[in-house]
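query_8.txt (compact mmCIF, C-alpha atoms and all ligand atoms)
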```
# COMPACT_ATOMS: atom_id res chain seq x y z
CA MET P 1 0.00 0.00 0.00
CA THR P 2 1.31 3.50 -0.81
CA PRO P 3 1.80 5.50 2.39
CA THR P 4 -0.16 8.74 2.65
CA HIS P 5 1.09 11.99 4.16
CA ALA P 6 -1.06 11.40 7.20
CA GLN P 7 0.43 8.04 8.17
CA THR P 8 2.57 8.44 11.27
CA GLU P 9 3.35 4.84 12.26
CA GLY P 10 7.05 4.48 12.85
CA GLN P 11 7.60 8.23 13.00
CA PRO P 12 9.55 9.50 16.05
CA GLY P 13 7.01 12.26 16.68
CA ARG P 14 4.40 9.68 17.42
CA THR P 15 6.43 8.33 20.33
CA LEU P 16 7.53 11.75 21.54
CA TYR P 17 4.05 13.28 21.45
CA PRO P 18 1.61 10.41 21.99
CA HIS P 19 -1.26 12.69 22.99
CA VAL P 20 -0.96 14.81 19.85
CA PHE P 21 -1.60 11.74 17.73
CA ALA P 22 -4.26 10.19 19.99
CA PRO P 23 -7.90 10.49 18.94
CA ILE P 24 -10.20 12.83 20.81
CA SER P 25 -13.97 13.13 21.01
CA LEU P 26 -15.68 16.49 20.70
CA GLY P 27 -19.37 15.96 21.34
CA PRO P 28 -20.57 13.32 18.86
CA VAL P 29 -17.44 13.45 16.71
CA GLU P 30 -14.26 11.44 17.06
CA ILE P 31 -11.22 13.16 15.59
CA ARG P 32 -8.20 11.07 14.71
CA ASN P 33 -5.61 13.37 16.32
CA ARG P 34 -5.32 16.74 18.05
CA ILE P 35 -3.88 18.75 15.21
CA TYR P 36 -6.26 21.42 13.99
CA MET P 37 -6.23 24.10 11.35
CA PRO P 38 -7.82 27.31 12.64
CA PRO P 39 -10.45 29.15 10.64
CA HIS P 40 -9.25 31.61 8.08
CA GLY P 41 -10.83 33.34 5.14
CA VAL P 42 -9.80 31.67 1.90
CA PRO P 43 -10.62 33.63 -1.24
CA LEU P 44 -11.70 30.51 -3.12
CA GLU P 45 -15.29 31.50 -3.51
CA VAL P 46 -17.74 31.93 -6.32
CA GLY P 47 -20.81 34.10 -6.24
CA VAL P 48 -24.31 32.72 -5.85
CA PRO P 49 -26.33 34.03 -8.81
CA GLY P 50 -28.77 36.70 -7.67
CA TYR P 51 -27.23 37.12 -4.22
CA GLY P 52 -24.65 39.82 -4.82
CA PRO P 53 -21.44 39.28 -2.93
CA ASN P 54 -22.72 36.25 -1.01
CA GLY P 55 -20.41 33.45 -1.98
CA MET P 56 -20.20 29.69 -1.90
CA PRO P 57 -17.11 27.47 -1.89
CA ALA P 58 -15.50 27.14 -5.28
CA ALA P 59 -14.65 23.61 -6.39
CA GLU P 60 -11.00 24.37 -5.60
CA LEU P 61 -11.79 24.93 -1.93
CA ALA P 62 -12.62 21.25 -1.47
CA TYR P 63 -9.14 20.38 -2.74
CA TYR P 64 -7.55 23.07 -0.59
CA TYR P 65 -9.02 21.59 2.60
CA ALA P 66 -8.76 17.95 1.54
CA GLU P 67 -5.04 18.41 0.96
CA ARG P 68 -4.64 19.63 4.56
CA ALA P 69 -6.52 16.56 5.81
CA ALA P 70 -4.37 14.31 3.64
CA GLY P 71 -1.34 16.00 5.22
CA GLY P 72 -2.45 14.85 8.66
CA VAL P 73 -4.65 17.62 10.07
CA GLY P 74 -7.32 16.03 12.25
CA LEU P 75 -9.77 18.91 12.36
CA ILE P 76 -10.28 21.76 9.93
CA PHE P 77 -12.36 24.87 10.51
CA HIS P 78 -14.07 26.48 7.55
CA SER P 79 -14.80 30.16 8.21
CA MET P 80 -18.16 31.31 6.87
CA LEU P 81 -20.41 34.31 7.04
CA VAL P 82 -24.01 34.38 8.16
CA ALA P 83 -25.26 37.75 6.98
CA PRO P 84 -28.81 38.39 8.10
CA PHE P 85 -29.58 41.82 6.76
CA ALA P 86 -27.05 42.74 4.17
CA ALA P 87 -24.22 41.39 2.16
CA TRP P 88 -20.66 42.27 2.87
CA LEU P 89 -18.84 44.44 0.41
CA GLY P 90 -15.38 43.43 1.54
CA THR P 91 -13.43 40.24 0.91
CA PRO P 92 -15.90 37.57 -0.12
CA SER P 93 -16.84 34.86 2.31
CA SER P 94 -18.98 31.84 1.73
CA SER P 95 -22.35 31.59 3.42
CA PRO P 96 -24.25 28.40 4.19
CA ILE P 97 -27.56 30.16 4.64
CA LEU P 98 -28.43 29.97 0.94
CA PRO P 99 -29.93 26.68 -0.31
CA GLN P 100 -28.27 27.20 -3.70
CA ALA P 101 -24.88 27.03 -2.03
CA LEU P 102 -25.35 23.70 -0.27
CA PRO P 103 -24.02 21.29 -2.93
CA SER P 104 -20.70 23.11 -2.83
CA TYR P 105 -20.52 22.75 0.97
CA ALA P 106 -21.35 19.06 0.70
CA ARG P 107 -18.47 18.71 -1.77
CA VAL P 108 -16.05 20.27 0.75
CA ALA P 109 -17.16 17.94 3.57
CA GLU P 110 -17.01 14.88 1.34
CA ALA P 111 -13.48 15.66 0.15
CA VAL P 112 -12.16 16.26 3.68
CA HIS P 113 -13.76 13.06 4.99
CA ALA P 114 -12.33 11.08 2.09
CA SER P 115 -8.89 12.22 3.27
CA GLY P 116 -9.57 11.16 6.86
CA GLY P 117 -10.17 14.59 8.38
CA ALA P 118 -13.08 16.23 10.14
CA ILE P 119 -14.47 19.65 9.21
CA MET P 120 -16.51 22.16 11.16
CA GLY P 121 -18.03 25.44 10.08
CA GLN P 122 -17.11 28.60 11.97
CA ILE P 123 -20.14 30.84 11.61
CA TRP P 124 -19.98 34.58 12.23
CA TYR P 125 -21.42 37.97 11.66
CA HIS P 126 -18.93 40.82 11.90
CA PRO P 127 -20.32 44.19 13.00
CA GLY P 128 -17.67 45.73 10.79
CA LEU P 129 -19.25 44.30 7.67
CA THR P 130 -19.75 47.28 5.42
CA HIS P 131 -22.67 47.47 3.07
CA LEU P 132 -24.60 50.10 1.18
CA TRP P 133 -28.24 50.94 1.68
CA GLU P 134 -28.69 50.51 -2.04
CA GLN P 135 -26.61 50.24 -5.18
CA GLY P 136 -24.49 53.41 -5.30
CA GLY P 137 -26.09 54.66 -2.07
CA PRO P 138 -24.55 55.68 1.24
CA GLN P 139 -22.91 53.24 3.58
CA ALA P 140 -25.25 51.68 6.11
CA PRO P 141 -24.31 51.59 9.81
CA GLN P 142 -22.74 48.56 11.42
CA LEU P 143 -25.05 46.25 13.34
CA SER P 144 -24.19 46.40 16.99
CA PRO P 145 -25.52 45.91 20.52
CA SER P 146 -25.22 49.66 21.17
CA ALA P 147 -24.72 52.77 19.09
CA THR P 148 -21.22 53.38 20.36
CA GLN P 149 -18.39 54.74 18.27
CA SER P 150 -16.59 52.19 16.15
CA PHE P 151 -12.86 52.19 16.73
CA ASN P 152 -11.83 50.05 13.80
CA MET P 153 -14.14 51.13 10.97
CA PRO P 154 -15.13 54.64 9.91
CA SER P 155 -18.87 54.11 10.13
CA THR P 156 -21.70 54.63 12.57
CA ARG P 157 -23.35 51.83 14.55
CA TYR P 158 -26.95 50.78 14.71
CA ALA P 159 -28.12 49.38 18.04
CA LEU P 160 -30.10 46.26 17.15
CA ARG P 161 -33.57 46.32 18.66
CA ALA P 162 -34.67 43.35 20.74
CA GLU P 163 -37.14 42.48 17.95
CA ASP P 164 -34.27 42.39 15.41
CA LEU P 165 -32.41 39.76 17.34
CA HIS P 166 -34.49 36.81 16.24
CA HIS P 167 -32.96 37.33 12.76
CA ILE P 168 -29.54 36.75 14.25
CA VAL P 169 -30.73 33.56 15.94
CA ASP P 170 -32.51 32.42 12.77
CA VAL P 171 -29.50 32.70 10.49
CA HIS P 172 -27.28 30.81 12.92
CA ARG P 173 -29.95 28.11 13.20
CA ASP P 174 -30.28 27.89 9.40
CA ALA P 175 -26.53 27.72 8.97
CA ALA P 176 -26.19 24.89 11.50
CA ARG P 177 -29.06 22.93 9.96
CA ASN P 178 -27.55 23.28 6.51
CA LEU P 179 -24.08 22.31 7.67
CA LEU P 180 -25.50 19.14 9.20
CA VAL P 181 -27.29 18.31 5.95
CA CYS P 182 -24.04 18.91 4.05
CA GLY P 183 -22.13 16.44 6.20
CA TYR P 184 -20.10 18.81 8.38
CA ASP P 185 -18.97 17.48 11.75
CA GLY P 186 -19.53 20.54 13.86
CA VAL P 187 -20.26 24.20 14.17
CA GLU P 188 -18.28 26.88 15.98
CA LEU P 189 -19.77 30.22 16.99
CA HIS P 190 -17.28 33.02 16.48
CA VAL P 191 -17.25 34.84 19.83
CA SER P 192 -13.92 36.48 19.17
CA HIS P 193 -12.19 39.11 17.00
CA GLY P 194 -14.95 41.66 17.75
CA MET P 195 -17.71 39.65 16.06
CA LEU P 196 -21.32 40.49 16.84
CA LEU P 197 -21.78 37.75 19.46
CA GLU P 198 -18.62 38.87 21.25
CA ALA P 199 -19.82 42.47 21.12
CA PHE P 200 -23.03 41.48 22.91
CA LEU P 201 -21.00 39.72 25.60
CA SER P 202 -18.60 42.60 26.12
CA PRO P 203 -19.31 45.43 28.57
CA TYR P 204 -17.16 47.63 26.32
CA PHE P 205 -19.47 47.31 23.30
CA ASN P 206 -22.72 46.42 25.04
CA ARG P 207 -24.26 49.40 26.90
CA ARG P 208 -27.83 48.14 26.68
CA THR P 209 -30.32 48.50 29.49
CA ASP P 210 -32.77 45.83 28.28
CA ASP P 211 -32.68 42.04 28.78
CA TYR P 212 -29.59 41.78 26.56
CA GLY P 213 -27.36 44.18 28.50
CA GLY P 214 -25.98 44.75 31.98
CA SER P 215 -25.41 41.54 33.93
CA LEU P 216 -23.38 38.62 32.60
CA ALA P 217 -26.60 36.62 32.31
CA ASN P 218 -28.12 39.34 30.12
CA ARG P 219 -25.01 39.87 27.99
CA SER P 220 -24.85 36.09 27.43
CA ARG P 221 -28.51 35.84 26.46
CA LEU P 222 -28.07 36.14 22.68
CA ILE P 223 -25.27 33.57 22.60
CA LEU P 224 -27.33 31.13 24.64
CA GLU P 225 -30.35 31.67 22.39
CA VAL P 226 -28.17 30.92 19.38
CA LEU P 227 -26.67 27.81 21.03
CA GLU P 228 -30.10 26.53 22.01
CA ALA P 229 -31.37 27.06 18.46
CA VAL P 230 -28.35 25.23 17.04
CA LYS P 231 -28.75 22.33 19.46
CA GLU P 232 -32.48 22.11 18.79
CA VAL P 233 -32.07 21.88 15.04
CA THR P 234 -29.02 19.60 14.99
CA GLN P 235 -30.28 17.22 17.70
CA GLY P 236 -26.81 16.19 18.78
CA GLY P 237 -25.66 15.57 15.21
CA LEU P 238 -22.99 18.31 15.26
CA ALA P 239 -20.26 19.07 17.75
CA THR P 240 -21.06 22.57 19.00
CA GLY P 241 -18.52 25.02 20.32
CA MET P 242 -17.25 28.54 20.17
CA ARG P 243 -14.08 30.46 19.51
CA PHE P 244 -13.64 32.72 22.48
CA THR P 245 -11.39 35.63 23.37
CA ILE P 246 -9.99 34.72 26.76
CA ASP P 247 -8.70 38.29 27.29
CA GLN P 248 -10.09 41.18 25.24
CA MET P 249 -7.04 43.33 26.04
CA LEU P 250 -9.36 46.28 25.91
CA PRO P 251 -9.96 48.79 28.73
CA GLY P 252 -13.59 48.29 29.69
CA GLY P 253 -13.69 44.80 28.19
CA TRP P 254 -12.83 41.59 30.06
CA SER P 255 -9.44 40.41 31.25
CA GLU P 256 -8.28 36.80 31.54
CA GLU P 257 -10.01 36.49 34.93
CA GLY P 258 -13.22 37.89 33.45
CA GLY P 259 -12.88 35.50 30.52
CA GLN P 260 -12.66 32.56 32.89
CA GLU P 261 -15.80 33.72 34.71
CA ILE P 262 -17.66 33.93 31.38
CA LEU P 263 -16.44 30.48 30.38
CA HIS P 264 -17.62 28.97 33.64
CA TYR P 265 -21.01 30.58 33.19
CA LEU P 266 -21.45 29.44 29.58
CA SER P 267 -20.00 25.96 30.21
CA ARG P 268 -22.44 25.25 32.98
CA THR P 269 -25.30 25.37 30.47
CA GLY P 270 -24.07 22.11 28.91
CA LEU P 271 -24.54 23.62 25.44
CA LEU P 272 -20.86 23.61 24.50
CA ASP P 273 -18.81 20.58 23.47
CA PHE P 274 -15.57 22.51 23.00
CA ILE P 275 -14.04 25.97 23.28
CA ASP P 276 -11.30 27.29 21.01
CA LEU P 277 -9.41 30.04 22.85
CA ASP P 278 -8.02 33.10 21.17
CA ILE P 279 -6.91 36.48 22.45
CA ALA P 280 -7.61 40.19 21.88
CA VAL P 281 -10.18 42.08 19.86
CA GLU P 282 -9.39 43.21 16.34
CA PRO P 283 -7.44 45.24 15.38
CA GLU P 284 -5.14 44.52 18.36
CA GLN P 285 -5.67 40.84 17.56
CA HIS P 286 -3.88 41.43 14.30
CA HIS P 287 -0.83 42.83 16.07
CA LEU P 288 -0.71 40.09 18.66
CA ALA P 289 -1.88 36.88 17.07
CA ILE P 290 -1.41 37.46 13.35
CA PRO P 291 1.78 39.53 13.17
CA PRO P 292 2.13 39.22 9.39
CA PHE P 293 -1.17 41.11 9.11
CA SER P 294 0.40 44.27 10.47
CA ARG P 295 4.04 43.66 11.08
CA ALA P 296 4.88 47.34 11.40
CA GLY P 297 2.68 47.73 14.45
CA CYS P 298 3.38 44.32 15.88
CA THR P 299 3.54 44.12 19.68
CA MET P 300 6.80 42.27 19.56
CA PRO P 301 7.16 40.97 23.14
CA ASN P 302 3.74 39.33 22.97
CA ALA P 303 4.12 38.14 19.41
CA TRP P 304 7.44 36.58 20.36
CA ARG P 305 5.85 34.73 23.25
CA VAL P 306 3.12 33.34 21.04
CA HIS P 307 5.29 32.30 18.15
CA ALA P 308 8.21 31.01 20.21
CA LYS P 309 6.02 28.21 21.56
CA PRO P 310 6.20 24.77 19.98
CA ALA P 311 3.54 24.36 17.34
CA ALA P 312 2.27 21.21 18.98
CA MET P 313 1.50 23.19 22.11
CA CYS P 314 -0.43 25.84 20.23
CA ARG P 315 -2.43 23.29 18.36
CA CYS P 316 -3.27 20.87 21.16
CA TRP P 317 -6.54 20.55 22.91
CA ARG P 318 -6.22 20.65 26.62
CA HIS P 319 -8.79 18.91 28.66
CA ARG P 320 -9.45 20.40 32.03
CA ALA P 321 -8.04 18.09 34.66
CA GLY P 322 -10.52 16.40 36.94
CA SER P 323 -13.67 17.45 35.13
CA PRO P 324 -16.23 14.92 33.95
CA GLN P 325 -15.88 14.70 30.20
CA SER P 326 -19.58 14.70 29.56
CA GLN P 327 -20.21 18.00 31.32
CA LYS P 328 -17.24 20.19 30.63
CA PRO P 329 -16.33 21.40 27.20
CA ARG P 330 -13.00 20.55 25.71
CA ILE P 331 -10.77 23.57 25.78
CA PHE P 332 -7.95 24.00 23.41
CA TRP P 333 -5.56 26.87 23.45
CA HIS P 334 -4.80 28.36 20.14
CA VAL P 335 -3.03 31.51 21.14
CA ALA P 336 -2.54 32.37 24.77
CA SER P 337 -0.42 35.10 26.21
CA ARG P 338 0.50 33.14 29.31
CA MET P 339 1.63 29.87 27.77
C1 LIG V 401 -5.97 35.69 6.22
C2 LIG V 401 -6.47 35.27 7.59
C3 LIG V 401 -7.82 35.10 7.78
C4 LIG V 401 -8.31 34.72 9.04
N1 LIG V 401 -9.64 34.52 9.21
C5 LIG V 401 -10.09 34.08 10.40
C6 LIG V 401 -11.46 33.78 10.57
O1 LIG V 401 -12.26 33.89 9.64
N2 LIG V 401 -11.85 33.36 11.79
C7 LIG V 401 -11.00 33.23 12.84
O2 LIG V 401 -11.42 32.85 13.93
N3 LIG V 401 -9.68 33.48 12.70
C8 LIG V 401 -9.21 33.90 11.50
N4 LIG V 401 -7.88 34.13 11.36
C9 LIG V 401 -6.98 33.90 12.50
C10 LIG V 401 -6.43 32.48 12.45
O3 LIG V 401 -7.44 31.54 12.77
C11 LIG V 401 -5.29 32.29 13.47
O4 LIG V 401 -5.76 32.53 14.77
C12 LIG V 401 -4.12 33.21 13.22
O5 LIG V 401 -3.74 33.17 11.85
C13 LIG V 401 -2.90 32.86 14.08
O6 LIG V 401 -2.46 31.56 13.82
P1 LIG V 401 -1.13 31.27 12.95
O7 LIG V 401 -0.01 31.82 13.77
O8 LIG V 401 -1.09 29.80 12.80
O9 LIG V 401 -1.32 32.00 11.64
C14 LIG V 401 -7.39 34.52 10.11
C15 LIG V 401 -6.02 34.68 9.88
C16 LIG V 401 -5.56 35.05 8.65
C17 LIG V 401 -4.07 35.21 8.46
```

With the file now loaded, output its structure as structure tokens.
Amino acid sequence: MTPTHAQTEGQPGRTLYPHVFAPISLGPVEIRNRIYMPPHGVPLEVGVPGYGPNGMPAAELAYYYAERAAGGVGLIFHSMLVAPFAAWLGTPSSSPILPQALPSYARVAEAVHASGGAIMGQIWYHPGLTHLWEQGGPQAPQLSPSATQSFNMPSTRYALRAEDLHHIVDVHRDAARNLLVCGYDGVELHVSHGMLLEAFLSPYFNRRTDDYGGSLANRSRLILEVLEAVKEVTQGGLATGMRFTIDQMLPGGWSEEGGQEILHYLSRTGLLDFIDLDIAVEPEQHHLAIPPFSRAGCTMPNAWRVHAKPAAMCRCWRHRAGSPQSQKPRIFWHVASRM
């Protein structure tokens, strides 16, 4: 038999790092090892006719991900937009909320599985998504928990009304249902990088006085409604987790201690199978965790600490010692300032 890239029998790394190459269960899914490829926008998209910039995976994207699985990656995250009210005018991103796009998603999942990997969809709505009110018209405001000033985009913010929020829940539900139909293994809410769900959770962005603002329970409400909707529609068929900023590194946001408190609160609901930790809100996230994005402004001491760590450490899931596996989510550190 011809060996594949992913075969590790007889390799020294397998003996040196037995846990890295051991399978792990995340919710209903068993993953063959603990090497994961984090979500990232890949401009291999094609437009969906009649839906403007909304994209779907191009045929090449299936090969792009399948090749990573063939190379030995156990779990791949596919970053994808769920845009409830408007399409993004920036870099295209695929969206699983359109029925016309589903065959292309199924092709991605099939190709990754054929190469022995697992694939999950990271679903997000970025408040910084820019769109126009109409063709050639003025720029519409960003969707936000509160009408605060935006520090990373030159546009105003629209405070979503409580009655708007069911749209947010609906698109996440639709995306999860469609990903299950397409054969994906899991879904990850993007509660990081300044995405809408993170903004609701953050006291810096969320100044609301209704049921979605104030206490931690209120600021978590939208995330929990989304998780419940996802769980309801997938009926245990998808691993469900979130990417989470453990420290916002933002005055008025949460610190690492605050992040731990939030994690304890959300974990206790039993709605999360895993948590993928990240750090800092964009644009600081770019300086710290993705130095090539903005090398000139890179916070070198922190960037050095992140990148000096062995790759295996950055890519390993850590299971919290002493916690019953069925109740506590798996936590894996992707980038952590204190490693
Ligand atoms: C071009 C690009 C696009 C990215 N898109 C996403 C994304 O959609 N979602 C996300 O959670 N992280 C995204 N990231 C961050 C990566 O997941 C990862 O955290 C970051 O690149 C640091 O890991 P690395 O040192 O292995 O590159 C992106 C990074 C890059 C470079």

Which residues, written as a list in words, have at least one atom at most 9 Å from P:Val171, with only C-alpha atoms counted and residues fewer than 5 positions away on the same chain left out? Val82, Ala83, Pro84, Ile97, His166 and Ala176 of chain P

Residue neighbourhood P:Ile76, 12 Å, only C-alpha atoms, exclusion window fewer than 6 positions, as an NGL selection string: :P and (31-40 or 62 or 64-70 or 108-109 or 111-113 or 115-122 or 184-188 or 315)

For C-alpha atoms, I'd like the residues from the last selection saved as a short mmCIF file (atom, residue, chain, number, x, y, z; two decimals), in the coordinates of the input.
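Saved result, selection.cif, follows:
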```cif
data_model
loop_
_atom_site.label_atom_id
_atom_site.label_comp_id
_atom_site.auth_asym_id
_atom_site.auth_seq_id
_atom_site.Cartn_x
_atom_site.Cartn_y
_atom_site.Cartn_z
CA ILE P 31 -11.22 13.16 15.59
CA ARG P 32 -8.20 11.07 14.71
CA ASN P 33 -5.61 13.37 16.32
CA ARG P 34 -5.32 16.74 18.05
CA ILE P 35 -3.88 18.75 15.21
CA TYR P 36 -6.26 21.42 13.99
CA MET P 37 -6.23 24.10 11.35
CA PRO P 38 -7.82 27.31 12.64
CA PRO P 39 -10.45 29.15 10.64
CA HIS P 40 -9.25 31.61 8.08
CA ALA P 62 -12.62 21.25 -1.47
CA TYR P 64 -7.55 23.07 -0.59
CA TYR P 65 -9.02 21.59 2.60
CA ALA P 66 -8.76 17.95 1.54
CA GLU P 67 -5.04 18.41 0.96
CA ARG P 68 -4.64 19.63 4.56
CA ALA P 69 -6.52 16.56 5.81
CA ALA P 70 -4.37 14.31 3.64
CA VAL P 108 -16.05 20.27 0.75
CA ALA P 109 -17.16 17.94 3.57
CA ALA P 111 -13.48 15.66 0.15
CA VAL P 112 -12.16 16.26 3.68
CA HIS P 113 -13.76 13.06 4.99
CA SER P 115 -8.89 12.22 3.27
CA GLY P 116 -9.57 11.16 6.86
CA GLY P 117 -10.17 14.59 8.38
CA ALA P 118 -13.08 16.23 10.14
CA ILE P 119 -14.47 19.65 9.21
CA MET P 120 -16.51 22.16 11.16
CA GLY P 121 -18.03 25.44 10.08
CA GLN P 122 -17.11 28.60 11.97
CA TYR P 184 -20.10 18.81 8.38
CA ASP P 185 -18.97 17.48 11.75
CA GLY P 186 -19.53 20.54 13.86
CA VAL P 187 -20.26 24.20 14.17
CA GLU P 188 -18.28 26.88 15.98
CA ARG P 315 -2.43 23.29 18.36
#
```

May I have the residues within 7 Å of stretch 234-249 of chain P as a PDB file with C-alpha atoms, in the coordinates of the input, using only C-alpha atoms and disregarding those fewer than 4 positions away in the same chain?
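Result written to out03.pdb:
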```
ATOM      1  CA  LEU P  26     -15.680  16.490  20.700  1.00  0.00           C
ATOM      2  CA  GLY P  27     -19.370  15.960  21.340  1.00  0.00           C
ATOM      3  CA  PRO P  28     -20.570  13.320  18.860  1.00  0.00           C
ATOM      4  CA  VAL P  29     -17.440  13.450  16.710  1.00  0.00           C
ATOM      5  CA  ALA P 176     -26.190  24.890  11.500  1.00  0.00           C
ATOM      6  CA  ARG P 177     -29.060  22.930   9.960  1.00  0.00           C
ATOM      7  CA  LEU P 180     -25.500  19.140   9.200  1.00  0.00           C
ATOM      8  CA  ASP P 185     -18.970  17.480  11.750  1.00  0.00           C
ATOM      9  CA  GLY P 186     -19.530  20.540  13.860  1.00  0.00           C
ATOM     10  CA  VAL P 187     -20.260  24.200  14.170  1.00  0.00           C
ATOM     11  CA  GLU P 188     -18.280  26.880  15.980  1.00  0.00           C
ATOM     12  CA  LEU P 189     -19.770  30.220  16.990  1.00  0.00           C
ATOM     13  CA  HIS P 190     -17.280  33.020  16.480  1.00  0.00           C
ATOM     14  CA  VAL P 191     -17.250  34.840  19.830  1.00  0.00           C
ATOM     15  CA  SER P 192     -13.920  36.480  19.170  1.00  0.00           C
ATOM     16  CA  VAL P 230     -28.350  25.230  17.040  1.00  0.00           C
ATOM     17  CA  GLY P 253     -13.690  44.800  28.190  1.00  0.00           C
ATOM     18  CA  TRP P 254     -12.830  41.590  30.060  1.00  0.00           C
ATOM     19  CA  SER P 255      -9.440  40.410  31.250  1.00  0.00           C
ATOM     20  CA  GLU P 256      -8.280  36.800  31.540  1.00  0.00           C
ATOM     21  CA  GLY P 259     -12.880  35.500  30.520  1.00  0.00           C
ATOM     22  CA  LEU P 272     -20.860  23.610  24.500  1.00  0.00           C
ATOM     23  CA  ASP P 273     -18.810  20.580  23.470  1.00  0.00           C
ATOM     24  CA  PHE P 274     -15.570  22.510  23.000  1.00  0.00           C
ATOM     25  CA  ILE P 275     -14.040  25.970  23.280  1.00  0.00           C
ATOM     26  CA  ASP P 276     -11.300  27.290  21.010  1.00  0.00           C
ATOM     27  CA  LEU P 277      -9.410  30.040  22.850  1.00  0.00           C
ATOM     28  CA  ASP P 278      -8.020  33.100  21.170  1.00  0.00           C
ATOM     29  CA  ILE P 279      -6.910  36.480  22.450  1.00  0.00           C
ATOM     30  CA  ALA P 280      -7.610  40.190  21.880  1.00  0.00           C
ATOM     31  CA  VAL P 281     -10.180  42.080  19.860  1.00  0.00           C
TER      32      VAL P 281
END
```

When you count all atoms listed in the file, which of these residues is closest to ligand LIG 401 (chain V): P:Tyr105, P:Tyr63, P:Tyr158, P:Trp124? P:Trp124

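Using all atoms listed in the file, the residues found no farther than 9 Å from P:Leu224, other than those of its own chain fewer than 5 positions away, are Ala229, Leu266, Thr269 and Leu271 of chain P.
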
Quick one: residues within 8 Å of P:Pro57, all atoms listed in the file counted, chain neighbours fewer than 4 positions away excluded, as a PyMOL selection string? chain P and resi 44-46+61-62+94+101+104-105+108

For a quick check of understanding, using only C-alpha atoms and all ligand atoms, which of P:Glu60, P:Asp164, P:Asp170, P:Glu198 has the smallest distance to ligand LIG 401 (chain V)? P:Glu198

Please compute the atom CA of P:Tyr125-atom CA of P:His193 distance, one decimal, in Å.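 Pair atom CA of P:Tyr125 / atom CA of P:His193 returns 10.7 Å.
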
What is the distance between atom CA of P:His126 and atom CA of P:Leu143, in Å to one decimal?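 These atoms are spaced 8.3 Å apart.
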
In Å, how far is it from atom C5 of ligand LIG 401 (chain V) to atom CA of P:Tyr204?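 Distance between the two atoms: 22.1 Å.
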